[in-house]
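Reproduced below: model_31.cif, with mmCIF, C-alpha atoms and all ligand atoms.
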```
data_data
loop_
_atom_site.label_atom_id
_atom_site.label_comp_id
_atom_site.auth_asym_id
_atom_site.auth_seq_id
_atom_site.Cartn_x
_atom_site.Cartn_y
_atom_site.Cartn_z
CA MET R 1 0.00 0.00 0.00
CA GLU R 2 1.28 3.44 -0.99
CA ASP R 3 0.15 4.76 2.42
CA ASN R 4 2.59 2.43 4.04
CA LYS R 5 5.65 3.34 2.04
CA ARG R 6 8.24 5.64 3.54
CA PRO R 7 8.46 8.73 1.32
CA GLU R 8 11.66 8.62 -0.69
CA SER R 9 12.39 12.24 0.11
CA MET R 10 12.39 11.55 3.85
CA GLU R 11 15.80 12.18 5.36
CA ARG R 12 17.19 9.75 7.97
CA ILE R 13 16.74 11.26 11.43
CA THR R 14 20.23 11.08 12.85
CA THR R 15 20.63 14.27 14.86
CA GLU R 16 18.72 16.16 17.55
CA GLU R 17 18.11 18.94 15.04
CA LEU R 18 16.47 16.60 12.55
CA ALA R 19 14.45 15.04 15.36
CA LYS R 20 13.20 18.46 16.41
CA ALA R 21 12.16 19.22 12.84
CA PHE R 22 10.31 15.88 12.70
CA ILE R 23 8.57 16.66 16.00
CA GLU R 24 7.51 20.13 14.79
CA GLU R 25 6.09 18.66 11.61
CA GLN R 26 4.26 15.91 13.51
CA LEU R 27 2.74 18.40 15.92
CA SER R 28 0.85 20.11 13.10
CA THR R 29 0.05 16.88 11.23
CA LEU R 30 -1.34 15.31 14.39
CA LYS R 31 -3.29 18.41 15.35
CA ALA R 32 -4.87 18.43 11.88
CA GLN R 33 -5.76 14.72 12.07
CA ILE R 34 -7.05 14.66 15.64
CA GLY R 35 -8.45 18.12 16.32
CA ASP R 36 -10.39 17.98 19.59
CA GLY R 37 -10.76 14.19 19.41
CA ARG R 38 -9.80 11.78 22.18
CA VAL R 39 -7.08 9.19 21.57
CA LEU R 40 -6.42 5.88 23.27
CA LEU R 41 -2.91 4.38 23.54
CA ALA R 42 -1.63 1.12 25.00
CA LEU R 43 1.54 2.32 26.69
CA SER R 44 3.92 -0.54 27.45
CA GLY R 45 6.90 1.59 28.43
CA GLY R 46 8.86 0.32 25.43
CA VAL R 47 10.55 2.96 23.30
CA ASP R 48 7.97 3.00 20.46
CA SER R 49 4.81 3.47 22.51
CA SER R 50 6.64 5.84 24.87
CA VAL R 51 7.67 8.11 22.01
CA VAL R 52 4.11 8.12 20.66
CA ALA R 53 2.79 8.98 24.14
CA ALA R 54 5.25 11.83 24.58
CA LEU R 55 4.46 13.23 21.13
CA LEU R 56 0.69 13.06 21.53
CA ASN R 57 0.85 14.42 25.04
CA ARG R 58 2.45 17.55 23.59
CA VAL R 59 -0.22 17.90 20.92
CA ILE R 60 -3.46 17.05 22.71
CA GLY R 61 -2.57 16.84 26.41
CA GLN R 62 -5.41 15.33 28.44
CA ASN R 63 -7.26 14.17 25.32
CA LEU R 64 -4.68 11.40 25.11
CA VAL R 65 -5.67 8.48 27.33
CA CYS R 66 -2.70 6.19 27.96
CA ILE R 67 -3.39 2.76 29.39
CA HIS R 68 -0.51 0.89 31.00
CA VAL R 69 -1.40 -2.74 31.66
CA ASN R 70 0.84 -4.47 34.16
CA HIS R 71 0.48 -8.16 33.32
CA GLY R 72 2.70 -9.15 36.22
CA LEU R 73 5.47 -10.19 33.84
CA LEU R 74 7.24 -6.83 33.63
CA ARG R 75 10.79 -6.28 34.83
CA LYS R 76 11.52 -4.87 38.26
CA GLY R 77 10.75 -1.14 38.39
CA GLU R 78 9.09 -0.90 34.98
CA PRO R 79 5.51 0.02 35.93
CA GLU R 80 6.90 2.49 38.49
CA GLN R 81 9.00 4.14 35.77
CA VAL R 82 6.05 4.47 33.41
CA ILE R 83 4.02 6.14 36.18
CA GLU R 84 6.91 8.41 37.18
CA VAL R 85 7.76 9.57 33.66
CA PHE R 86 4.30 9.93 32.16
CA ARG R 87 2.02 10.75 35.09
CA ASN R 88 4.37 12.62 37.42
CA GLN R 89 6.82 14.29 35.05
CA MET R 90 4.90 14.76 31.80
CA LYS R 91 1.49 15.16 33.50
CA ALA R 92 -0.01 12.84 30.91
CA ASN R 93 -3.41 11.23 31.38
CA LEU R 94 -2.31 7.74 32.43
CA ILE R 95 -4.50 4.87 33.55
CA TYR R 96 -2.51 2.22 35.35
CA VAL R 97 -4.07 -1.22 35.56
CA ASP R 98 -2.44 -3.79 37.80
CA ALA R 99 -3.80 -6.99 36.26
CA THR R 100 -1.11 -9.24 37.77
CA ASP R 101 -3.51 -11.58 39.59
CA ARG R 102 -5.72 -11.96 36.55
CA PHE R 103 -2.85 -12.96 34.29
CA LEU R 104 -1.10 -15.23 36.78
CA ASP R 105 -4.36 -16.99 37.70
CA LYS R 106 -5.07 -17.69 34.02
CA LEU R 107 -1.50 -18.91 33.50
CA ALA R 108 -1.42 -21.18 36.54
CA GLY R 109 -0.58 -24.76 35.54
CA VAL R 110 -0.11 -23.89 31.84
CA SER R 111 3.23 -25.21 30.62
CA ASP R 112 2.92 -25.15 26.82
CA PRO R 113 4.88 -22.11 25.50
CA GLU R 114 2.44 -21.27 22.71
CA GLU R 115 -0.53 -21.64 25.04
CA LYS R 116 1.15 -19.28 27.51
CA ARG R 117 1.72 -16.68 24.75
CA LYS R 118 -1.90 -17.02 23.62
CA ILE R 119 -3.27 -16.48 27.12
CA ILE R 120 -1.06 -13.44 27.69
CA GLY R 121 -2.04 -11.94 24.32
CA SER R 122 -5.77 -12.47 24.62
CA GLU R 123 -5.93 -11.45 28.29
CA PHE R 124 -4.09 -8.26 27.37
CA ILE R 125 -6.71 -7.44 24.76
CA ASP R 126 -9.54 -8.16 27.22
CA VAL R 127 -8.08 -5.90 29.91
CA PHE R 128 -7.38 -3.14 27.40
CA GLN R 129 -10.87 -3.38 25.93
CA GLU R 130 -12.49 -3.25 29.36
CA GLU R 131 -10.56 -0.10 30.18
CA ALA R 132 -11.35 1.40 26.78
CA GLU R 133 -15.07 0.84 27.33
CA LYS R 134 -14.94 2.94 30.50
CA GLN R 135 -13.86 5.89 28.35
CA SER R 136 -16.33 7.91 26.35
CA GLY R 137 -15.93 9.74 23.07
CA ILE R 138 -12.78 7.96 21.90
CA ARG R 139 -12.33 8.26 18.14
CA PHE R 140 -8.71 7.38 17.66
CA LEU R 141 -6.32 4.61 18.58
CA ALA R 142 -2.62 5.48 18.64
CA GLN R 143 -0.04 2.79 17.99
CA GLY R 144 3.73 2.65 18.16
CA THR R 145 4.03 0.94 14.78
CA ILE R 146 7.49 1.50 13.31
CA TYR R 147 8.70 0.97 9.75
CA PRO R 148 10.24 -2.50 10.29
CA ASP R 149 6.82 -3.64 11.63
CA ILE R 150 5.30 -2.66 8.28
CA LEU R 151 8.14 -4.19 6.27
CA GLU R 152 8.00 -7.41 8.27
CA SER R 153 4.24 -7.71 8.65
CA GLY R 154 3.20 -11.26 7.93
CA THR R 155 6.38 -12.66 9.43
CA VAL R 156 6.70 -14.32 12.80
CA LYS R 157 7.68 -11.14 14.58
CA SER R 158 4.48 -9.28 13.85
CA HIS R 159 2.13 -11.82 15.27
CA HIS R 160 3.99 -12.70 18.39
CA ASN R 161 3.85 -9.16 19.69
CA VAL R 162 1.45 -8.65 22.56
CA GLY R 163 -0.69 -5.60 22.03
CA GLY R 164 -2.15 -6.20 18.60
CA LEU R 165 -5.73 -5.08 18.99
CA PRO R 166 -8.83 -6.65 17.47
CA GLU R 167 -10.42 -5.25 14.33
CA GLU R 168 -13.76 -4.79 16.05
CA MET R 169 -12.34 -1.84 17.94
CA HIS R 170 -13.40 0.62 15.29
CA PHE R 171 -10.98 3.43 15.80
CA GLU R 172 -9.15 5.60 13.34
CA LEU R 173 -5.45 4.79 13.66
CA VAL R 174 -2.84 7.36 14.65
CA GLU R 175 0.66 6.10 13.88
CA PRO R 176 3.10 9.01 14.02
CA VAL R 177 6.33 6.94 13.92
CA LYS R 178 5.31 4.40 11.31
CA PHE R 179 7.97 5.53 8.82
CA LEU R 180 10.79 5.57 11.35
CA PHE R 181 13.46 2.96 11.95
CA LYS R 182 14.31 2.05 15.52
CA ASP R 183 17.42 4.22 15.70
CA GLU R 184 15.37 7.20 14.50
CA VAL R 185 12.67 6.56 17.10
CA ARG R 186 15.39 6.67 19.73
CA VAL R 187 16.72 10.03 18.49
CA VAL R 188 13.18 11.43 18.54
CA GLY R 189 12.65 10.00 22.04
CA LYS R 190 15.78 11.76 23.29
CA ALA R 191 14.63 15.03 21.73
CA LEU R 192 11.27 14.64 23.46
CA GLY R 193 13.06 14.39 26.80
CA LEU R 194 12.48 10.71 27.56
CA PRO R 195 15.06 9.19 29.93
CA ASP R 196 17.93 7.14 28.45
CA SER R 197 16.74 4.05 30.32
CA MET R 198 13.57 4.16 28.22
CA VAL R 199 15.09 5.34 24.95
CA TYR R 200 18.00 2.89 24.85
CA ARG R 201 16.41 -0.06 26.53
CA GLN R 202 17.14 -3.54 25.20
CA PRO R 203 14.38 -5.43 23.38
CA PHE R 204 11.87 -6.98 25.74
CA PRO R 205 9.33 -9.51 24.43
CA GLY R 206 5.60 -8.81 24.77
CA PRO R 207 5.01 -11.87 26.97
CA GLY R 208 7.74 -10.45 29.21
CA LEU R 209 9.30 -12.53 31.94
CA GLY R 210 6.72 -15.22 31.15
CA VAL R 211 9.03 -16.69 28.48
CA ARG R 212 11.93 -16.65 30.96
CA CYS R 213 10.08 -18.74 33.50
CA PRO R 214 9.87 -21.89 31.35
CA GLY R 215 6.97 -24.26 31.92
CA ALA R 216 4.12 -23.46 34.28
CA ILE R 217 4.72 -20.09 35.92
CA THR R 218 4.66 -19.93 39.69
CA ARG R 219 4.82 -16.66 41.59
CA ASP R 220 7.93 -17.58 43.57
CA ARG R 221 9.91 -18.72 40.51
CA LEU R 222 8.76 -15.62 38.62
CA GLU R 223 10.09 -13.47 41.48
CA ALA R 224 13.43 -15.29 41.18
CA VAL R 225 13.50 -14.36 37.46
CA ARG R 226 12.63 -10.73 38.22
CA GLU R 227 15.17 -10.34 41.05
CA SER R 228 18.02 -12.04 39.18
CA ASP R 229 17.27 -9.97 36.05
CA ALA R 230 17.44 -6.79 38.15
CA ILE R 231 20.87 -7.78 39.52
CA LEU R 232 22.16 -8.63 36.03
CA ARG R 233 20.91 -5.31 34.63
CA GLU R 234 22.40 -3.36 37.54
CA GLU R 235 25.80 -5.00 37.07
CA PHE R 236 25.77 -4.56 33.28
CA GLU R 237 24.97 -0.88 33.71
CA LYS R 238 27.67 -0.42 36.34
CA ASN R 239 30.28 -2.18 34.19
CA GLY R 240 29.62 -0.49 30.85
CA LEU R 241 27.99 -3.52 29.20
CA ALA R 242 24.40 -2.25 29.09
CA GLY R 243 24.92 -0.13 25.98
CA LYS R 244 27.18 -2.70 24.33
CA VAL R 245 25.28 -5.98 24.60
CA TRP R 246 22.15 -6.32 22.47
CA GLN R 247 20.05 -8.39 24.85
CA TYR R 248 20.76 -9.90 28.25
CA PHE R 249 18.53 -11.52 30.80
CA THR R 250 18.13 -14.39 33.23
CA VAL R 251 16.03 -17.53 33.10
CA VAL R 252 14.97 -19.75 35.99
CA PRO R 253 14.25 -23.29 34.79
CA ASP R 254 11.75 -25.50 36.54
CA PHE R 255 14.07 -27.86 38.41
CA LYS R 256 15.99 -27.80 41.63
CA SER R 257 19.40 -29.04 42.64
CA THR R 258 21.17 -29.65 45.92
CA GLY R 259 23.20 -26.97 47.59
CA VAL R 260 24.37 -26.01 51.04
CA ARG R 261 23.21 -22.89 52.83
CA ASP R 262 23.96 -21.91 56.44
CA GLY R 263 25.47 -25.32 57.05
CA LYS R 264 22.34 -27.14 55.88
CA ARG R 265 21.40 -28.90 52.66
CA SER R 266 19.31 -26.76 50.36
CA PHE R 267 17.26 -27.73 47.35
CA GLU R 268 16.86 -24.71 45.10
CA TRP R 269 16.64 -23.44 41.50
CA PRO R 270 19.52 -22.48 39.22
CA VAL R 271 19.57 -19.12 37.42
CA ILE R 272 20.81 -19.07 33.83
CA ILE R 273 22.42 -15.89 32.48
CA ARG R 274 22.06 -15.18 28.76
CA ALA R 275 23.78 -12.29 26.95
CA VAL R 276 23.73 -12.11 23.15
CA ASN R 277 24.60 -9.87 20.25
CA THR R 278 22.83 -9.81 16.92
CA GLU R 279 22.04 -7.64 13.90
CA ASP R 280 18.49 -8.75 13.21
CA ALA R 281 17.64 -11.36 15.88
CA MET R 282 17.67 -14.12 13.24
CA THR R 283 21.12 -15.26 14.34
CA ALA R 284 22.97 -14.35 17.52
CA THR R 285 26.38 -14.76 19.09
CA ILE R 286 27.43 -14.90 22.71
CA GLU R 287 28.86 -11.94 24.58
CA ARG R 288 32.19 -12.83 26.19
CA ILE R 289 31.64 -11.43 29.65
CA PRO R 290 34.81 -11.05 31.73
CA TYR R 291 35.12 -13.99 34.12
CA GLU R 292 35.55 -11.81 37.21
CA LEU R 293 32.31 -10.00 36.46
CA LEU R 294 30.48 -13.28 35.80
CA GLU R 295 31.68 -14.60 39.14
CA HIS R 296 30.61 -11.44 40.93
CA ILE R 297 27.13 -11.53 39.37
CA ALA R 298 26.77 -15.24 40.17
CA ASP R 299 27.80 -14.58 43.74
CA ARG R 300 25.25 -11.79 44.12
CA ILE R 301 22.44 -13.83 42.56
CA ASN R 302 23.19 -16.90 44.69
CA HIS R 303 23.20 -14.85 47.88
CA GLU R 304 20.49 -12.27 47.15
CA VAL R 305 17.78 -14.12 45.24
CA PRO R 306 15.51 -16.25 47.42
CA GLY R 307 15.22 -19.86 46.28
CA VAL R 308 18.39 -19.87 44.14
CA ASN R 309 21.63 -21.76 44.87
CA ARG R 310 23.44 -21.87 41.50
CA THR R 311 24.11 -19.54 38.57
CA LEU R 312 25.00 -20.83 35.10
CA TYR R 313 26.10 -19.07 31.93
CA ASP R 314 24.53 -19.98 28.58
CA LEU R 315 27.14 -20.39 25.79
CA SER R 316 24.69 -21.27 23.00
CA ALA R 317 24.59 -19.26 19.80
CA LYS R 318 21.48 -18.90 17.63
CA PRO R 319 21.12 -21.24 15.81
CA VAL R 320 20.99 -23.92 17.29
CA ALA R 321 19.42 -22.20 20.31
CA THR R 322 16.93 -19.34 20.08
CA ILE R 323 17.55 -16.15 22.03
CA GLU R 324 14.69 -16.71 24.45
CA PHE R 325 14.08 -20.05 26.18
CA GLU R 326 10.47 -20.40 25.05
P1 LIG Q 1 14.04 -15.81 19.60
O1 LIG Q 1 13.83 -16.38 20.98
O2 LIG Q 1 12.99 -16.26 18.64
O3 LIG Q 1 13.87 -14.26 19.76
O4 LIG Q 1 15.43 -16.07 19.08
C1 LIG Q 1 14.22 -13.28 18.80
C2 LIG Q 1 13.88 -11.91 19.37
O5 LIG Q 1 12.45 -11.77 19.47
C3 LIG Q 1 12.07 -11.54 20.82
N1 LIG Q 1 10.86 -12.33 21.10
C4 LIG Q 1 9.63 -11.82 21.23
N2 LIG Q 1 9.18 -10.55 21.14
N3 LIG Q 1 7.00 -11.32 21.58
C5 LIG Q 1 7.86 -10.31 21.35
O6 LIG Q 1 7.43 -9.17 21.31
C6 LIG Q 1 7.37 -12.61 21.68
O7 LIG Q 1 6.55 -13.50 21.90
C7 LIG Q 1 8.77 -12.88 21.48
N4 LIG Q 1 9.49 -14.02 21.48
C8 LIG Q 1 10.78 -13.65 21.25
C9 LIG Q 1 13.24 -12.00 21.67
O8 LIG Q 1 13.28 -11.33 22.92
C10 LIG Q 1 14.41 -11.69 20.79
O9 LIG Q 1 14.79 -10.33 20.90
#
```

Kindly transcribe the structure held in the file into structure tokens.
Amino acid sequence: MEDNKRPESMERITTEELAKAFIEEQLSTLKAQIGDGRVLLALSGGVDSSVVAALLNRVIGQNLVCIHVNHGLLRKGEPEQVIEVFRNQMKANLIYVDATDRFLDKLAGVSDPEEKRKIIGSEFIDVFQEEAEKQSGIRFLAQGTIYPDILESGTVKSHHNVGGLPEEMHFELVEPVKFLFKDEVRVVGKALGLPDSMVYRQPFPGPGLGVRCPGAITRDRLEAVRESDAILREEFEKNGLAGKVWQYFTVVPDFKSTGVRDGKRSFEWPVIIRAVNTEDAMTATIERIPYELLEHIADRINHEVPGVNRTLYDLSAKPVATIEFE
């Protein structure tokens, strides 16, 4: 479709100046499209939806209704950051829905990876729709579609994203960054004043920590994933790896092994660290983390994360492994 083709004359947005020009242009385009209308946006806290939220908040202020659904599978501190940045700092109209119990109850006992993804995706739509119905006079739905999403639509990536909304929600779409590549969205995000931790964050799958808690998710094992991930991220940031490594995370598999804690036998989970580099996520290589740092992270995880007595490092490239565990 011609509508979905990036104009050939469009310059790559590589500098703050170009980003500012893009923002100025969007402000008038969006004003013309939306007028006094009300707009709904599913705000995940990822860079794409965050940039759309910040842009629209400038144009229409309180007529933008952002909905942040916490499915209980977000990383440590993420919902708090969304609330801090958008509600407290930008004064945006943000509805925060803590749907943790709903998601985790539905996921209880479900071990099939595809089934888990399906539940997370459809529950997300239900929660979003319920919140949308509480709003009146909504004419528009904003989405953080970016150009690679359009180019790759029909491939695996497009349908495993959580947040695709059903056709029966008859809204006019507002997609201000649909011609931008990821690096351009980041430059625009910086120019809009979003924090670096949002603008440069590593990819995070829609089903969140759910795919890093293989098999049936339990709340205690999920907490072990969340806490170990927080330690890994903290150490990568402190040691200059956060901006260098493409994706890094922890996984807590569903088995226990013997250990010794406080002079007694323990029977606890292992944590697996994964850190990979890639161009396009189709293939990936392993990051060679310095041994001393690995040991330090393992030591912290083993001592600080309840229920964990071992930390392992994954040396598998993609292929044969995938990046995620499920
Ligand atoms: P795999 O595990 O297939 O992952 O090597 C490739 C990239 O895609 C991300 N990924 C997902 N993203 N929903 C998403 O939005 C998903 O269900 C999903 N599964 C994998 C993964 O994090 C990696 O960056």

Worksheet item: Counting only C-alpha atoms and all ligand atoms, what residues are within 10 Å of ligand LIG 1 (chain Q), given as a ChimeraX atom specification?
Response: /R:113-114,116-118,120-121,156-163,202-212,246-249,276-278,280-284,317-326

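Relative to atom CA of Arg221 of chain R, atom CA of Glu115 of chain R is found at 18.9 Å.
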
Worksheet item: Just how far from atom CA of Ile231 of chain R is atom CA of Asp183 of chain R, in Å to one decimal?
Response: 26.9 Å

Worksheet entry | Surrounding residues of Arg38 of chain R excluding itself and chain neighbours under 5 positions, 12 Å, all atoms listed in the file, as an MDAnalysis selection string | chainID R and resid 31 33 56:57 59:66 93 132 135:142 171:174

Write a file of the selected residues as a PDB file, keeping the file's coordinate frame, keeping C-alpha atoms.
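Here's the written file again-v8.pdb:
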```
ATOM      1  CA  LYS R  31      -3.290  18.410  15.350  1.00  0.00           C
ATOM      2  CA  GLN R  33      -5.760  14.720  12.070  1.00  0.00           C
ATOM      3  CA  LEU R  56       0.690  13.060  21.530  1.00  0.00           C
ATOM      4  CA  ASN R  57       0.850  14.420  25.040  1.00  0.00           C
ATOM      5  CA  VAL R  59      -0.220  17.900  20.920  1.00  0.00           C
ATOM      6  CA  ILE R  60      -3.460  17.050  22.710  1.00  0.00           C
ATOM      7  CA  GLY R  61      -2.570  16.840  26.410  1.00  0.00           C
ATOM      8  CA  GLN R  62      -5.410  15.330  28.440  1.00  0.00           C
ATOM      9  CA  ASN R  63      -7.260  14.170  25.320  1.00  0.00           C
ATOM     10  CA  LEU R  64      -4.680  11.400  25.110  1.00  0.00           C
ATOM     11  CA  VAL R  65      -5.670   8.480  27.330  1.00  0.00           C
ATOM     12  CA  CYS R  66      -2.700   6.190  27.960  1.00  0.00           C
ATOM     13  CA  ASN R  93      -3.410  11.230  31.380  1.00  0.00           C
ATOM     14  CA  ALA R 132     -11.350   1.400  26.780  1.00  0.00           C
ATOM     15  CA  GLN R 135     -13.860   5.890  28.350  1.00  0.00           C
ATOM     16  CA  SER R 136     -16.330   7.910  26.350  1.00  0.00           C
ATOM     17  CA  GLY R 137     -15.930   9.740  23.070  1.00  0.00           C
ATOM     18  CA  ILE R 138     -12.780   7.960  21.900  1.00  0.00           C
ATOM     19  CA  ARG R 139     -12.330   8.260  18.140  1.00  0.00           C
ATOM     20  CA  PHE R 140      -8.710   7.380  17.660  1.00  0.00           C
ATOM     21  CA  LEU R 141      -6.320   4.610  18.580  1.00  0.00           C
ATOM     22  CA  ALA R 142      -2.620   5.480  18.640  1.00  0.00           C
ATOM     23  CA  PHE R 171     -10.980   3.430  15.800  1.00  0.00           C
ATOM     24  CA  GLU R 172      -9.150   5.600  13.340  1.00  0.00           C
ATOM     25  CA  LEU R 173      -5.450   4.790  13.660  1.00  0.00           C
ATOM     26  CA  VAL R 174      -2.840   7.360  14.650  1.00  0.00           C
TER      27      VAL R 174
END
```

Discussion item. Taking (13.7, -15.3, 38.0) as a centre in this file's frame and 9 Å as the limit, can you find every polymer residue with an atom that close, using only C-alpha atoms, and give them as a ChimeraX atom specification?
Written reply: /R:209,212-213,220-229,250-253,271,305,308

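Across the model, the gap from atom CA of Glu131 of chain R to atom CA of Leu107 of chain R is 21.1 Å.
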
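For the set R:Gly189, R:Ile217, R:Glu175, R:Asp105, the residue with the smallest atom-to-atom gap to Arg201 of chain R is R:Gly189, counting only C-alpha atoms.
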
Practice prompt. List every protein, DNA or RNA residue that has at least one atom no more than 12 Å from (24.4, -18.6, 45.5) in the file's coordinates, counting all atoms listed in the file, and write the result as number ranges by chain.
Written response: R: 228, 257-262, 266-271, 295-312

Selection file, C-alpha atoms, as a PDB file, in the coordinates of the input:
```pdb
ATOM      1  CA  SER R 228      18.020 -12.040  39.180  1.00  0.00           C
ATOM      2  CA  SER R 257      19.400 -29.040  42.640  1.00  0.00           C
ATOM      3  CA  THR R 258      21.170 -29.650  45.920  1.00  0.00           C
ATOM      4  CA  GLY R 259      23.200 -26.970  47.590  1.00  0.00           C
ATOM      5  CA  VAL R 260      24.370 -26.010  51.040  1.00  0.00           C
ATOM      6  CA  ARG R 261      23.210 -22.890  52.830  1.00  0.00           C
ATOM      7  CA  ASP R 262      23.960 -21.910  56.440  1.00  0.00           C
ATOM      8  CA  SER R 266      19.310 -26.760  50.360  1.00  0.00           C
ATOM      9  CA  PHE R 267      17.260 -27.730  47.350  1.00  0.00           C
ATOM     10  CA  GLU R 268      16.860 -24.710  45.100  1.00  0.00           C
ATOM     11  CA  TRP R 269      16.640 -23.440  41.500  1.00  0.00           C
ATOM     12  CA  PRO R 270      19.520 -22.480  39.220  1.00  0.00           C
ATOM     13  CA  VAL R 271      19.570 -19.120  37.420  1.00  0.00           C
ATOM     14  CA  GLU R 295      31.680 -14.600  39.140  1.00  0.00           C
ATOM     15  CA  HIS R 296      30.610 -11.440  40.930  1.00  0.00           C
ATOM     16  CA  ILE R 297      27.130 -11.530  39.370  1.00  0.00           C
ATOM     17  CA  ALA R 298      26.770 -15.240  40.170  1.00  0.00           C
ATOM     18  CA  ASP R 299      27.800 -14.580  43.740  1.00  0.00           C
ATOM     19  CA  ARG R 300      25.250 -11.790  44.120  1.00  0.00           C
ATOM     20  CA  ILE R 301      22.440 -13.830  42.560  1.00  0.00           C
ATOM     21  CA  ASN R 302      23.190 -16.900  44.690  1.00  0.00           C
ATOM     22  CA  HIS R 303      23.200 -14.850  47.880  1.00  0.00           C
ATOM     23  CA  GLU R 304      20.490 -12.270  47.150  1.00  0.00           C
ATOM     24  CA  VAL R 305      17.780 -14.120  45.240  1.00  0.00           C
ATOM     25  CA  PRO R 306      15.510 -16.250  47.420  1.00  0.00           C
ATOM     26  CA  GLY R 307      15.220 -19.860  46.280  1.00  0.00           C
ATOM     27  CA  VAL R 308      18.390 -19.870  44.140  1.00  0.00           C
ATOM     28  CA  ASN R 309      21.630 -21.760  44.870  1.00  0.00           C
ATOM     29  CA  ARG R 310      23.440 -21.870  41.500  1.00  0.00           C
ATOM     30  CA  THR R 311      24.110 -19.540  38.570  1.00  0.00           C
ATOM     31  CA  LEU R 312      25.000 -20.830  35.100  1.00  0.00           C
TER      32      LEU R 312
END
```

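Nearest-residue note for Thr218 of chain R: choosing from R:Gly37, R:Gly109, R:Pro79, R:Gly45, the minimum distance belongs to R:Gly109, counting only C-alpha atoms.
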
Worksheet entry | Contact residues around segment 11-26 of chain R with only C-alpha atoms at 12 Å, ignoring same-chain residues under 6 positions, as a VMD selection string | chain R and resid 32 to 34 51 to 52 54 to 56 58 to 59 174 to 193

Fill in: Selected residue of minimal separation from Gly243 of chain R among R:Ser197, R:Ser9, R:Ser49, R:Ser122, counting all atoms listed in the file
R:Ser197

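For the choices R:Lys134, R:Lys5, R:Lys106, R:Arg274, the atom-to-atom distance to Asp149 of chain R is smallest for R:Lys5 when using all atoms listed in the file.
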
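Shortest separation to Ser111 of chain R among R:Glu84, R:Ala216, R:Gly46, R:Gly77 occurs at residue R:Ala216, atoms counted being all atoms listed in the file.
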
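Nearest residue to Val97 of chain R among R:Ile119, R:Pro214, R:Ile67, R:Val110 is R:Ile67, counting all atoms listed in the file.
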
Can you give me N, CA and C atoms for segment 182-195 of chain R, written as a PDB file, in the coordinates of the input?
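Dumped to result-v7.pdb:
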```pdb
ATOM      1  N   LYS R 182      14.111   2.029  14.061  1.00  0.00           N
ATOM      2  CA  LYS R 182      14.310   2.050  15.520  1.00  0.00           C
ATOM      3  C   LYS R 182      15.295   3.129  15.972  1.00  0.00           C
ATOM      4  N   ASP R 183      16.419   3.239  15.265  1.00  0.00           N
ATOM      5  CA  ASP R 183      17.420   4.220  15.700  1.00  0.00           C
ATOM      6  C   ASP R 183      16.865   5.643  15.601  1.00  0.00           C
ATOM      7  N   GLU R 184      15.977   5.871  14.643  1.00  0.00           N
ATOM      8  CA  GLU R 184      15.370   7.200  14.500  1.00  0.00           C
ATOM      9  C   GLU R 184      14.367   7.465  15.626  1.00  0.00           C
ATOM     10  N   VAL R 185      13.626   6.413  15.994  1.00  0.00           N
ATOM     11  CA  VAL R 185      12.670   6.560  17.100  1.00  0.00           C
ATOM     12  C   VAL R 185      13.423   6.957  18.370  1.00  0.00           C
ATOM     13  N   ARG R 186      14.605   6.356  18.544  1.00  0.00           N
ATOM     14  CA  ARG R 186      15.390   6.670  19.730  1.00  0.00           C
ATOM     15  C   ARG R 186      15.845   8.142  19.724  1.00  0.00           C
ATOM     16  N   VAL R 187      16.277   8.631  18.568  1.00  0.00           N
ATOM     17  CA  VAL R 187      16.720  10.030  18.490  1.00  0.00           C
ATOM     18  C   VAL R 187      15.545  10.962  18.793  1.00  0.00           C
ATOM     19  N   VAL R 188      14.377  10.622  18.277  1.00  0.00           N
ATOM     20  CA  VAL R 188      13.180  11.430  18.540  1.00  0.00           C
ATOM     21  C   VAL R 188      12.830  11.368  20.034  1.00  0.00           C
ATOM     22  N   GLY R 189      12.936  10.172  20.609  1.00  0.00           N
ATOM     23  CA  GLY R 189      12.650  10.000  22.040  1.00  0.00           C
ATOM     24  C   GLY R 189      13.543  10.861  22.906  1.00  0.00           C
ATOM     25  N   LYS R 190      14.820  10.901  22.566  1.00  0.00           N
ATOM     26  CA  LYS R 190      15.780  11.760  23.290  1.00  0.00           C
ATOM     27  C   LYS R 190      15.350  13.211  23.191  1.00  0.00           C
ATOM     28  N   ALA R 191      15.006  13.630  21.952  1.00  0.00           N
ATOM     29  CA  ALA R 191      14.630  15.030  21.730  1.00  0.00           C
ATOM     30  C   ALA R 191      13.329  15.388  22.452  1.00  0.00           C
ATOM     31  N   LEU R 192      12.513  14.396  22.722  1.00  0.00           N
ATOM     32  CA  LEU R 192      11.270  14.640  23.460  1.00  0.00           C
ATOM     33  C   LEU R 192      11.492  14.634  24.973  1.00  0.00           C
ATOM     34  N   GLY R 193      12.720  14.336  25.386  1.00  0.00           N
ATOM     35  CA  GLY R 193      13.060  14.390  26.800  1.00  0.00           C
ATOM     36  C   GLY R 193      12.798  13.096  27.561  1.00  0.00           C
ATOM     37  N   LEU R 194      12.651  11.980  26.850  1.00  0.00           N
ATOM     38  CA  LEU R 194      12.480  10.710  27.560  1.00  0.00           C
ATOM     39  C   LEU R 194      13.816  10.275  28.152  1.00  0.00           C
ATOM     40  N   PRO R 195      13.792   9.600  29.312  1.00  0.00           N
ATOM     41  CA  PRO R 195      15.060   9.190  29.930  1.00  0.00           C
ATOM     42  C   PRO R 195      15.784   8.123  29.098  1.00  0.00           C
TER      43      PRO R 195
END
```
